[in-house]
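The structure file entry_27.txt is reproduced below (compact mmCIF, C-alpha atoms).
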# COMPACT_ATOMS: atom_id res chain seq x y z
CA MET A 84 2.79 -130.49 28.20
CA LEU A 85 4.02 -133.41 30.30
CA ARG A 86 7.67 -132.97 31.22
CA HIS A 87 9.90 -135.50 33.01
CA PHE A 88 13.35 -135.03 34.53
CA LEU A 89 15.28 -138.12 33.46
CA ASP A 90 18.55 -136.76 32.06
CA THR A 91 20.13 -133.30 31.91
CA GLN A 92 20.79 -134.02 28.23
CA ASP A 93 17.06 -133.54 27.66
CA PHE A 94 17.38 -129.83 28.50
CA SER A 95 19.14 -126.86 26.95
CA LYS A 96 21.73 -124.74 28.71
CA SER A 97 19.19 -121.94 29.19
CA GLU A 98 16.62 -124.33 30.69
CA LEU A 99 19.15 -125.75 33.13
CA LEU A 100 20.25 -122.27 34.20
CA GLU A 101 16.60 -121.26 34.60
CA LEU A 102 16.13 -124.22 36.93
CA ILE A 103 19.28 -123.43 38.92
CA LEU A 104 18.17 -119.80 39.34
CA LEU A 105 14.81 -120.99 40.69
CA ILE A 106 16.60 -123.30 43.13
CA HIS A 107 18.80 -120.41 44.26
CA GLU A 108 15.76 -118.18 44.89
CA LEU A 109 14.00 -120.88 46.90
CA LYS A 110 17.17 -121.40 48.94
CA GLN A 111 17.43 -117.66 49.63
CA ALA A 112 13.81 -117.61 50.74
CA ASP A 113 14.47 -120.56 53.05
CA ARG A 114 17.49 -118.77 54.52
CA GLU A 115 15.17 -115.91 55.52
CA GLY A 116 12.58 -118.24 57.01
CA VAL A 117 10.19 -117.95 54.07
CA ARG A 118 8.75 -121.30 53.05
CA LEU A 119 6.29 -120.86 50.24
CA LYS A 120 3.51 -123.47 50.08
CA LEU A 121 3.73 -123.67 46.31
CA LEU A 122 2.69 -127.34 46.21
CA GLN A 123 -0.10 -127.15 48.80
CA ASP A 124 -1.83 -130.56 49.09
CA ALA A 125 0.15 -132.06 46.19
CA SER A 126 1.45 -135.63 46.49
CA LEU A 127 4.71 -137.21 45.36
CA ALA A 128 5.21 -140.98 45.13
CA MET A 129 8.81 -141.95 45.87
CA ILE A 130 9.70 -145.39 44.52
CA PHE A 131 12.99 -146.89 45.70
CA GLU A 132 14.43 -150.12 44.34
CA GLU A 133 17.41 -149.66 46.66
CA PRO A 134 17.93 -147.76 49.94
CA SER A 135 18.79 -144.06 50.02
CA THR A 136 19.75 -141.36 52.51
CA ARG A 137 20.09 -137.99 50.74
CA THR A 138 17.57 -138.65 47.95
CA ARG A 139 14.87 -139.98 50.27
CA ILE A 140 15.25 -137.27 52.93
CA SER A 141 15.66 -134.36 50.52
CA PHE A 142 12.57 -135.17 48.46
CA GLU A 143 10.40 -135.90 51.49
CA VAL A 144 11.41 -132.74 53.36
CA ALA A 145 11.11 -130.68 50.16
CA MET A 146 7.51 -131.79 49.61
CA THR A 147 6.64 -131.13 53.25
CA GLU A 148 8.13 -127.63 53.24
CA LEU A 149 6.32 -126.84 49.98
CA GLY A 150 2.99 -127.81 51.55
CA GLY A 151 2.67 -131.24 49.94
CA HIS A 152 3.08 -134.86 50.92
CA ALA A 153 5.64 -137.51 49.91
CA LEU A 154 4.80 -141.20 49.99
CA TYR A 155 7.81 -143.49 50.54
CA LEU A 156 7.53 -146.80 48.69
CA LYS A 157 10.48 -148.84 49.90
CA PRO A 158 12.27 -151.66 48.07
CA GLY A 159 10.01 -154.65 47.54
CA GLU A 160 6.90 -152.89 48.82
CA ILE A 161 5.09 -152.57 45.49
CA HIS A 162 4.72 -154.96 42.55
CA LEU A 163 6.97 -153.00 40.19
CA GLY A 164 7.64 -155.30 37.26
CA VAL A 165 7.16 -158.42 39.39
CA ARG A 166 3.51 -159.23 39.97
CA GLU A 167 2.37 -156.21 37.98
CA SER A 168 3.82 -154.75 34.81
CA ILE A 169 5.78 -151.51 34.92
CA TYR A 170 3.19 -150.05 32.53
CA ASP A 171 0.26 -150.85 34.81
CA THR A 172 2.09 -149.66 37.93
CA ALA A 173 2.96 -146.34 36.30
CA ARG A 174 -0.60 -145.83 35.07
CA VAL A 175 -2.15 -146.61 38.46
CA ILE A 176 0.20 -144.44 40.51
CA SER A 177 -0.21 -141.58 38.03
CA ARG A 178 -3.95 -141.51 38.79
CA MET A 179 -3.30 -140.98 42.50
CA VAL A 180 -0.40 -138.52 42.78
CA ASP A 181 0.88 -135.33 41.17
CA GLY A 182 4.43 -136.54 40.54
CA ILE A 183 6.67 -139.60 40.85
CA MET A 184 10.32 -139.88 41.85
CA ILE A 185 11.93 -143.23 41.13
CA ARG A 186 15.33 -144.66 42.07
CA ALA A 187 15.72 -147.65 39.76
CA LEU A 188 18.35 -150.34 39.59
CA LYS A 189 18.24 -150.29 35.78
CA HIS A 190 17.91 -147.20 33.58
CA GLU A 191 15.56 -149.04 31.24
CA THR A 192 13.10 -149.47 34.13
CA LEU A 193 13.00 -145.68 34.56
CA LEU A 194 12.50 -145.08 30.83
CA GLU A 195 9.72 -147.67 30.58
CA PHE A 196 8.02 -146.22 33.66
CA ALA A 197 8.21 -142.66 32.30
CA ARG A 198 6.78 -143.72 28.94
CA ALA A 199 3.66 -145.01 30.71
CA ALA A 200 3.29 -142.32 33.39
CA THR A 201 0.83 -139.46 32.93
CA VAL A 202 2.42 -137.21 35.59
CA PRO A 203 6.01 -135.89 35.79
CA VAL A 204 8.65 -138.51 36.62
CA ILE A 205 11.95 -137.56 38.28
CA ASN A 206 15.06 -139.71 38.05
CA GLY A 207 16.38 -140.27 41.58
CA LEU A 208 19.33 -142.36 40.28
CA THR A 209 19.80 -145.32 37.96
CA ASP A 210 22.78 -147.44 36.97
CA TYR A 211 23.40 -144.95 34.13
CA ASN A 212 23.00 -141.48 35.62
CA HIS A 213 22.07 -139.27 38.59
CA PRO A 214 20.77 -135.95 37.21
CA THR A 215 19.34 -134.51 40.44
CA GLN A 216 22.75 -134.87 42.08
CA VAL A 217 24.60 -132.95 39.39
CA VAL A 218 22.14 -130.06 39.26
CA CYS A 219 22.87 -129.75 42.97
CA ASP A 220 26.59 -129.95 42.19
CA VAL A 221 26.48 -127.10 39.68
CA LEU A 222 24.56 -124.95 42.18
CA THR A 223 27.27 -125.70 44.75
CA MET A 224 30.03 -124.83 42.28
CA LEU A 225 28.42 -121.51 41.43
CA GLU A 226 28.20 -120.68 45.14
CA HIS A 227 31.89 -121.53 45.75
CA LYS A 228 33.61 -120.50 42.52
CA PRO A 229 36.16 -117.68 42.52
CA PRO A 230 34.11 -114.47 42.28
CA ASP A 231 36.01 -113.23 39.24
CA LYS A 232 35.44 -116.42 37.23
CA ALA A 233 32.52 -116.95 34.86
CA MET A 234 30.80 -120.33 34.92
CA GLU A 235 32.14 -121.06 31.45
CA ASP A 236 35.71 -120.61 32.69
CA LEU A 237 35.44 -123.22 35.45
CA HIS A 238 37.59 -126.36 35.36
CA VAL A 239 36.06 -129.45 36.95
CA THR A 240 38.14 -132.60 37.48
CA PHE A 241 36.56 -135.94 38.38
CA ILE A 242 38.95 -138.58 39.72
CA GLY A 243 37.95 -142.22 39.84
CA ASP A 244 35.58 -144.76 38.34
CA ALA A 245 33.16 -143.94 35.51
CA THR A 246 30.12 -144.07 37.78
CA ASN A 247 26.58 -142.88 37.13
CA VAL A 248 27.56 -139.60 38.79
CA LEU A 249 30.51 -139.22 36.40
CA SER A 250 28.12 -139.73 33.49
CA SER A 251 25.78 -136.97 34.64
CA LEU A 252 28.50 -134.58 35.81
CA MET A 253 30.44 -134.88 32.55
CA HIS A 254 27.29 -134.20 30.57
CA ILE A 255 25.96 -131.24 32.56
CA CYS A 256 29.36 -129.52 32.79
CA THR A 257 29.97 -129.78 29.05
CA ARG A 258 26.36 -128.75 28.38
CA LEU A 259 26.96 -125.56 30.35
CA GLY A 260 30.27 -124.77 28.66
CA MET A 261 32.66 -125.76 31.46
CA HIS A 262 36.01 -127.51 31.07
CA PHE A 263 35.70 -131.10 32.27
CA THR A 264 38.50 -133.59 32.94
CA HIS A 265 38.23 -137.22 33.99
CA ALA A 266 41.26 -138.99 35.45
CA ALA A 267 41.10 -142.78 35.79
CA PRO A 268 42.87 -145.97 34.72
CA LEU A 269 41.99 -146.89 31.13
CA ARG A 270 39.65 -149.70 32.17
CA TYR A 271 37.58 -147.34 34.30
CA GLN A 272 37.20 -144.48 31.84
CA PRO A 273 33.80 -143.63 30.27
CA PRO A 274 32.49 -145.62 27.30
CA PRO A 275 32.47 -144.08 23.79
CA ALA A 276 28.76 -143.16 23.89
CA TRP A 277 29.23 -141.01 26.99
CA ARG A 278 32.22 -139.27 25.45
CA GLU A 279 30.45 -138.63 22.16
CA ALA A 280 27.51 -136.98 23.95
CA ALA A 281 29.91 -134.79 25.98
CA LEU A 282 31.89 -133.81 22.89
CA ALA A 283 28.67 -132.88 21.09
CA ASN A 284 27.84 -130.65 24.06
CA CYS A 285 31.29 -129.04 23.80
CA ARG A 286 30.82 -128.23 20.13
CA GLU A 287 27.63 -126.38 21.02
CA SER A 288 28.64 -124.76 24.31
CA GLY A 289 32.34 -124.05 23.90
CA GLY A 290 33.27 -126.35 26.77
CA THR A 291 36.07 -128.91 26.66
CA LEU A 292 36.48 -132.58 27.56
CA LYS A 293 39.71 -134.32 28.55
CA ILE A 294 40.11 -137.96 29.56
CA THR A 295 43.48 -138.93 31.06
CA THR A 296 45.35 -141.34 33.29
CA ASP A 297 47.59 -138.54 34.61
CA VAL A 298 46.09 -137.36 37.90
CA ARG A 299 48.51 -134.54 38.62
CA ASP A 300 48.05 -133.09 35.16
CA ALA A 301 44.26 -133.42 35.56
CA VAL A 302 44.16 -131.22 38.67
CA LYS A 303 46.62 -128.47 37.75
CA GLN A 304 43.85 -126.07 36.60
CA ALA A 305 41.00 -127.52 38.67
CA ASP A 306 38.63 -125.17 40.42
CA PHE A 307 36.82 -128.26 41.74
CA ILE A 308 38.08 -131.79 42.33
CA TYR A 309 35.32 -134.38 42.57
CA THR A 310 35.43 -138.06 43.43
CA ASP A 311 33.01 -140.92 44.06
CA LEU A 312 33.05 -144.46 45.40
CA TRP A 313 35.38 -146.94 43.69
CA TRP A 314 32.78 -149.72 43.96
CA TRP A 315 29.07 -150.04 44.70
CA VAL A 316 26.53 -152.68 45.65
CA GLY A 317 26.89 -155.70 43.36
CA GLN A 318 30.60 -155.04 42.73
CA GLU A 319 31.89 -156.64 45.92
CA ASP A 320 33.71 -159.38 43.98
CA GLU A 321 35.67 -156.69 42.13
CA ILE A 322 36.89 -154.86 45.23
CA PRO A 323 40.46 -156.27 45.32
CA GLU A 324 40.95 -155.59 41.59
CA ARG A 325 39.47 -152.10 41.80
CA TYR A 326 41.45 -151.22 44.91
CA ALA A 327 44.67 -152.24 43.20
CA ALA A 328 43.79 -150.18 40.09
CA PHE A 329 43.01 -146.95 41.96
CA MET A 330 45.19 -147.00 45.09
CA PRO A 331 47.28 -144.97 45.70
CA ALA A 332 47.49 -142.97 42.45
CA TYR A 333 43.81 -141.97 42.27
CA GLN A 334 43.16 -141.34 45.95
CA VAL A 335 42.48 -137.67 46.67
CA THR A 336 45.01 -136.62 49.29
CA MET A 337 46.27 -133.33 50.66
CA ASP A 338 49.43 -133.89 48.62
CA LEU A 339 47.36 -134.11 45.42
CA LEU A 340 45.50 -130.91 46.34
CA LYS A 341 48.87 -129.12 46.46
CA HIS A 342 49.11 -129.66 42.70
CA ALA A 343 45.80 -127.82 42.15
CA PRO A 344 45.20 -124.05 42.40
CA GLN A 345 45.08 -122.78 45.97
CA HIS A 346 41.38 -121.91 45.72
CA CYS A 347 40.42 -125.42 44.52
CA LYS A 348 37.50 -127.05 46.37
CA PHE A 349 36.87 -130.73 47.05
CA MET A 350 33.51 -132.37 46.27
CA HIS A 351 31.96 -135.82 46.82
CA CYS A 352 28.35 -136.85 46.19
CA LEU A 353 28.37 -139.17 49.26
CA PRO A 354 28.17 -141.75 50.65
CA ALA A 355 31.94 -142.02 50.88
CA SER A 356 34.38 -144.74 51.88
CA ARG A 357 36.57 -142.53 54.04
CA GLY A 358 40.22 -143.32 53.68
CA VAL A 359 39.66 -144.99 50.32
CA GLU A 360 38.81 -142.65 47.41
CA ALA A 361 39.68 -139.64 49.61
CA THR A 362 41.44 -139.25 52.94
CA ASP A 363 39.73 -138.00 56.07
CA GLU A 364 42.11 -135.04 56.02
CA VAL A 365 40.80 -133.96 52.62
CA MET A 366 37.14 -134.60 53.42
CA ASP A 367 37.34 -132.54 56.61
CA SER A 368 39.65 -129.83 55.27
CA PRO A 369 38.71 -126.17 54.70
CA GLN A 370 38.79 -126.95 50.96
CA SER A 371 36.03 -129.53 51.35
CA ILE A 372 32.48 -128.41 50.52
CA ILE A 373 30.88 -131.86 50.74
CA PHE A 374 28.31 -130.92 53.37
CA ASP A 375 27.29 -127.70 51.61
CA GLN A 376 26.89 -129.96 48.58
CA ALA A 377 24.77 -132.46 50.53
CA GLU A 378 22.50 -129.72 51.92
CA ASN A 379 21.95 -128.39 48.43
CA ARG A 380 20.20 -131.64 47.53
CA LEU A 381 17.23 -130.35 49.57
CA HIS A 382 17.11 -127.01 47.78
CA THR A 383 17.58 -128.72 44.41
CA GLU A 384 14.66 -131.09 45.00
CA LYS A 385 12.50 -128.12 46.00
CA GLY A 386 13.32 -126.33 42.77
CA LEU A 387 12.78 -129.41 40.63
CA LEU A 388 9.43 -130.17 42.23
CA VAL A 389 8.19 -126.60 41.81
CA TRP A 390 9.53 -126.43 38.24
CA LEU A 391 7.74 -129.62 37.21
CA LEU A 392 4.60 -129.73 39.36
CA TYR A 393 3.52 -126.16 40.08
CA PRO A 394 2.42 -125.35 36.49
CA ARG A 395 0.22 -128.46 36.45
CA LEU A 396 -1.66 -127.90 39.71
CA LYS A 397 -5.24 -126.65 39.60
CA ARG A 398 -5.84 -123.58 41.73
CA PRO A 399 -9.61 -123.13 42.19
CA ALA A 400 -11.11 -119.76 43.03
CA PRO A 401 -12.03 -119.29 46.72
CA GLU A 402 -15.71 -119.07 45.77
CA GLN A 403 -15.53 -122.47 44.07
CA THR A 404 -13.89 -124.02 47.12
CA ALA A 405 -16.48 -122.47 49.43
CA GLU A 406 -19.36 -123.72 47.25
CA TYR A 407 -18.10 -127.32 47.24
CA GLN A 408 -17.51 -127.20 50.98
CA ARG A 409 -21.07 -125.95 51.56
CA ARG A 410 -22.60 -128.63 49.33
CA ILE A 411 -20.55 -131.52 50.70
CA GLU A 412 -21.03 -130.49 54.33
CA ALA A 413 -24.78 -130.35 53.68
CA MET A 414 -24.64 -133.90 52.28
CA ILE A 415 -22.67 -135.12 55.31
CA ASP A 416 -25.09 -133.41 57.73
CA LYS A 417 -27.97 -135.18 55.99
CA MET A 418 -26.23 -138.54 56.29
CA ILE A 419 -25.66 -137.97 60.01
CA ASP A 420 -29.23 -136.86 60.64
CA PRO A 421 -31.48 -138.03 57.79
CA ARG A 422 -34.73 -136.80 59.45
CA PRO A 423 -36.59 -134.22 57.37
CA GLY A 424 -36.53 -130.62 58.51

Give the structure from the file, written as structure tokens.
Amino acid sequence: MLRHFLDTQDFSKSELLELILLIHELKQADREGVRLKLLQDASLAMIFEEPSTRTRISFEVAMTELGGHALYLKPGEIHLGVRESIYDTARVISRMVDGIMIRALKHETLLEFARAATVPVINGLTDYNHPTQVVCDVLTMLEHKPPDKAMEDLHVTFIGDATNVLSSLMHICTRLGMHFTHAAPLRYQPPPAWREAALANCRESGGTLKITTDVRDAVKQADFIYTDLWWWVGQEDEIPERYAAFMPAYQVTMDLLKHAPQHCKFMHCLPASRGVEATDEVMDSPQSIIFDQAENRLHTEKGLLVWLLYPRLKRPAPEQTAEYQRRIEAMIDKMIDPRPG
């Protein structure tokens, strides 16, 4: 069965934990110098409608270390929806690769592409969500949580704008039964549809959701405080208004961390505007796990790729491979020297 990775909401709690366990095992293997070529000779097309650092590098290195190849298709390099329909582009690329990762400006582009594709499609970020990032985030939380705390007892607080990362983080945390809080000015809180999906998750998982404007109250039980950029590409005209709405109340500072439990860790998906949504002191403090978090993108992409692609790859018997090599080499030899005998 063809399976895409477009939204963590498409998967059950047990499926997500199964994936995270696989990622953990692959990371442990890597730590011991064991790099399994589970995707030997497989190919991944990486389509980017906007530039990327962590997503591009992590997927490309992951494919290489798994024995495969990643093809980087940079912004404007292919005819995606311009001189060729999204449907035709998805169909053509599907015939040439084993999987496709796409970073799309619009979520609808991703959905339309996935509907047409005949190989697994992975969401590398859209204007709505960023599911690969938050799987990485949960892995990082499980590695850094207090040892005596169960996953379902964790409190995660996100401070700042209702970004695509907030959407995905709110949904995966509530899916897994965690206690999720978002602190932001009213105008920058999540829309009703996002909240309804998270609340439905809570009813099933036992998690909780809280949306507030009170930052200090939001962090008082936080095991993890998470923030993101206050503006992104295309929002430059809103910068003065956004800055005034968030600064200084919603900036993560060392003073704010004093209102959280002593063991609380700081997270950021990066890139960051240092000195804006969080101070340098916080980002470089012992409580900060942002670079552990960034590294885990590599291990997460490895797990995702194996999870989606490995079951679909054909693994011919050695005798079959040897027979084809003998026949094809004989054909080539005949082409080189067509003389009889």

CA of Met84 in chain A sits from CA of Arg178 in chain A at a separation of 16.7 Å

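Taking CA of His162 in chain A as the reference point, CA of Asn212 in chain A is found at 23.7 Å.
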
Which residue of A:His107, A:Arg380, A:Trp315, A:Glu279 approaches Arg139 in chain A most closely, using all atoms listed in the file | A:Arg380

For range 267-275 of chain A, work out the shell of residues within 6 Å, counting all atoms listed in the file and skipping chain neighbours fewer than 6 positions away, then give it as a PyMOL selection string.
-> chain A and resi 243-245+296

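In terms of minimum interatomic distance to Val217 in chain A, A:His351 ranks closest within A:Arg186, A:Lys157, A:Arg118, A:His351, counting only C-alpha atoms.
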
Find the residues near Asp90 in chain A: any atom within 8 Å, counting only C-alpha atoms, skip ones fewer than 5 places away on the same chain, and give them as a ChimeraX atom specification.
-> /A:206,212-214,251

Minimum-distance residue to Asp220 in chain A, chosen among A:Gln304, A:Gln403, A:Thr172, A:Thr383 (using all atoms listed in the file) = A:Thr383

Considering all atoms listed in the file, state which residue in the set A:Asp416, A:Asp311, A:Glu364, A:Glu384 is at the smallest distance from Cys352 in chain A.
->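 Nearest to Cys352 in chain A: A:Asp311.
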
Contacts of Ser95 in chain A within 10 Å, only C-alpha atoms, excl. fewer than 6 positions in-chain, as a list in words = Glu101, Ile255, Arg258, Leu259 and Asn284 of chain A

Nearest to Phe263 in chain A among A:Ile130, A:Val239, A:Ile106, A:Leu100, with distances taken over only C-alpha atoms: which residue is it?
-> A:Val239

Restricting the calculation to all atoms listed in the file, which member of A:Ile185, A:Ala197, A:Ile372, A:Val144 is positioned closest to Leu156 in chain A?
->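 Answer, going by the shortest atom-to-atom distance: A:Ile185.
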
Find the spatial neighbours of Leu119 in chain A, counting all atoms listed in the file, within a cut-off of 9 Å - ignore same-chain residues fewer than 6 positions away - and output them as a PyMOL selection string.
-> chain A and resi 109+112-113+148-150

Write out as a short mmCIF file (atom, residue, chain, number, x, y, z; two decimals) with C-alpha atoms, in the coordinates of the input which residues come within 7 Å of Ile294 in chain A when counting only C-alpha atoms, dropping same-chain ones fewer than 5 positions away.
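What follows is the written file result-v3.cif:
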data_model
loop_
_atom_site.label_atom_id
_atom_site.label_comp_id
_atom_site.auth_asym_id
_atom_site.auth_seq_id
_atom_site.Cartn_x
_atom_site.Cartn_y
_atom_site.Cartn_z
CA THR A 264 38.50 -133.59 32.94
CA HIS A 265 38.23 -137.22 33.99
CA ALA A 266 41.26 -138.99 35.45
#
